[in-house]
Amino acid sequence: MLQMIMSAVMLGLIWSVMTIGVYITFRILGIADLTVEGSIAMGGAIAAQAIYSGSDPYWAAFLAILGGMAAGLATGILHTKLKIPALLSGILTMIALYSINLRILGKANLSLLRMNTVFSPFKEMSFIQNKAFAGWGISHFMGVIIPAALCVLGIIILLYWFFGTEIGSAIRATGNNSQMARAQGINTNNMIMLGLIISNGLVALSGALIAQQQGFADIQMGIGSIVIGLASLIIGEVLFGKRGFFSRLLSLVLGAITYRIIIAFVLDRGMSPNDLKLFTALTVAFALSLPVIKSSVQQLVKGIREGR
Amino acid sequence: MLAVNNVYKTFNSGTVNEKTALNNISLHLGAGEFVTLIGGNGSGKSTLLNCIAGVHAVDKGSIIIDGVDVTRQPEHVRAKDLGRVFQDPMLGTAADMQIEENLALAYRRGKRRSLRWGITAKERRFYRDLLGTLELGLEDRLSLKVGMLSGGQRQALALLMATLKEPKLLLLDEHTAALDPKTAVKVLEITEKIVMENKLTTLMVTHNMRDAIRYGNRLIMMHEGRILLDIEGEAKKKLTVEELLSRFGQASSGEEFTQDSVLLS
Ligand SMILES: Nc1ncnc2c1ncn2[C@@H]1O[C@H](COP(=O)(O)OP(=O)(O)OP(=O)(O)O)[C@@H](O)[C@H]1O
Ligand SMILES: [Mg+2]
């Protein structure tokens, strides 16, 4: 049980980086950006290939971020300069990235077995190898959880600062009301591009961390990730509120962890892993339709009260 | 301050929905002029303002603001000289952002935005005083989300935002049309106060003939993409609704003119 929860926390933390990326496009910019499906795999592919070719794992993660940012830029150009609808722009980049990721990986799957990763130095720390963790059998998880938590905290602080600056405010205004933003002299095209770049940089970083944690990168690893991101985002909003920007960012992390716990739980109850994506998609569909369901339930209750 | 020279604008040209919204419009506004603009539905008032602001590119003609040809400038670049308030209270402000954040965005219109913090403590005090002048009780609610405000409060805030950084030209497109009559009067009074105090060059679209006559020092009437009447100075002061209607009847060349219920409100 403890192991199951620790595993969920570990995965939740790593995936929360991509959830934060999805939040930037979906909630701040108001765009459903499918680029993430490609950029998460791209992050994994770049990091794996770099480590495999002998690079430092931190450098590999940095390269992954750059790759993701380039993917975001591509979608941004398609959308703002070439006026292709946002959804389609994301799909185009995602499809293109499939081929690009294959080229980066050289094959469908690249193993990092016995290679050093960003987590290796932490796993060897005596603090993490202590008796208590070892006794519970969670040293392995703590070796990922602690650095991942620090990384996520750093990202949250950085984003909290950034979205409070003049440029960050301009991005928020663009997503909230682009007509008003332009009337206030904001170059909304550039702001949308910037948002996509930051978002996909984070998503690729998440992919790089996932690959390093699981010990391999796979061309398929992005499939369905947008829905996982959305599910985590919505769970976070519903369960942990949306007051203030800082608590919103924190709620994304808690949402990502909760999502992993739910998944671990239903798998433990005997659900087939093959049904996971269906389950996640249904959860998201349900959560997104909550407002409609709520109002029709209210109508119904009202109707019954009035005796119709 | 503003020169619109022989501007044409046709929407959906070459299709069955082709619509000439501006048909050879020329208009010159001197510094400090407060012009009211009236005309029936679809006469091209909004299109004219949108062409000045750069929302639409013009087909032909040029637009000069304070001596600078802005005809080819994108909307966000022209914005540095323009203050705008729209008909829909939802459009002029960012609903999910706080009152002070909205003001801070407007305060930076035309400035290069950097990684400095989006709002300073000094600004906050300034905004508080400024909101106090509206007498709407907003001065103590700086961190309230704008979405919580009433339509009238939002339009008053939008007006402040449009004039916070003094614009060379203030464009108001029926900014009181969505408000109830009492609130509309209040917002119009605030408008007049701001315009007079800062001597702003202003172009205000209204559907209300009485307002068009009462406010400003020049009145322009549009019809089918052209300027039909242009009355200023003493003549404008003496104008009555009846006279306006009859002159509209003559000018629109004998076209049957029943008292348009929209025009006369
Ligand atoms: N974006 C657009 N695309 C196509 N046609 C448009 C567009 N904007 C305006 N038009 C058309 O141009 C004409 C002038 O419209 P405009 O909105 O300028 O009128 P208006 O004088 O502001 O009217 P109202 O008093 O109803 O606001 C109308 O026939 C309208 O249908
Ligand atoms: Mg209009």
# chains A, B, ... in the order shown; residues from 1 in each chain; ligands from 1
$ select_by_dssp --residues "stretch 50-241 of chain B" --states "strand (DSSP E)" --output "VMD selection string"
chain B and resid 60 to 65 68 to 69 82 to 85 169 to 173 202 to 205 218 to 223 226 to 232
$ closest_atom_pairs --of "chain A" --to "chain B" --cutoff "6 Å" --atoms "only C-alpha atoms" --output "CSV"
residue,atom,partner,partner_atom,distance
A:Gly164,CA,B:Gly118,CA,5.6
A:Thr165,CA,B:Trp117,CA,4.1
A:Glu166,CA,B:Gly118,CA,4.2
A:Ile167,CA,B:Arg113,CA,5.6
A:Asn176,CA,B:Ala94,CA,5.8
A:Asn177,CA,B:Ala94,CA,5.6
A:Met180,CA,B:Gly92,CA,5.3
A:Arg182,CA,B:His76,CA,4.8
A:Ala183,CA,B:Ala79,CA,5.5
A:Gln184,CA,B:Arg109,CA,5.0
A:Gly185,CA,B:His76,CA,4.2
A:Ile186,CA,B:His76,CA,5.6
A:Asn187,CA,B:His76,CA,5.7
$ residues_around --residues "A:Phe246" --least-positions-apart "2" --cutoff "8 Å" --atoms "only C-alpha atoms" --output "list in words"
Ile156, Tyr160, Gly244, Arg248, Leu249 and Leu250 of chain A
$ residues_near_ligand --ligand "ligand 2" --cutoff "8 Å" --atoms "only C-alpha atoms and all ligand atoms" --output "NGL selection string"
:B and (41-42 or 44-47 or 87 or 173-174 or 205)
$ closest_residue --among "B:Asp88, B:Asp140, B:Glu33, B:Glu242" --to "ligand 1" --atoms "only C-alpha atoms and all ligand atoms"
B:Asp88
$ residues_around --residues "B:Gly30" --least-positions-apart "4" --cutoff "12 Å" --atoms "only C-alpha atoms" --output "PyMOL selection string"
chain B and resi 1-4+34-35+65-67+168-169+199-203+217-218
$ residues_near_ligand --ligand "ligand 1" --cutoff "9 Å" --atoms "only C-alpha atoms and all ligand atoms" --output "MDAnalysis selection string"
chainID B and resid 9:12 17:22 38:50 56 87 173:174 205:207 222:225 262
$ residues_around --residues "A:Pro121" --least-positions-apart "4" --cutoff "10 Å" --atoms "only C-alpha atoms" --output "number ranges by chain"
A: 116-117, 125, 143, 147
$ atom_distance --atom1 "atom CA of B:Lys122" --atom2 "atom CA of B:Ile99"
15.4 Å
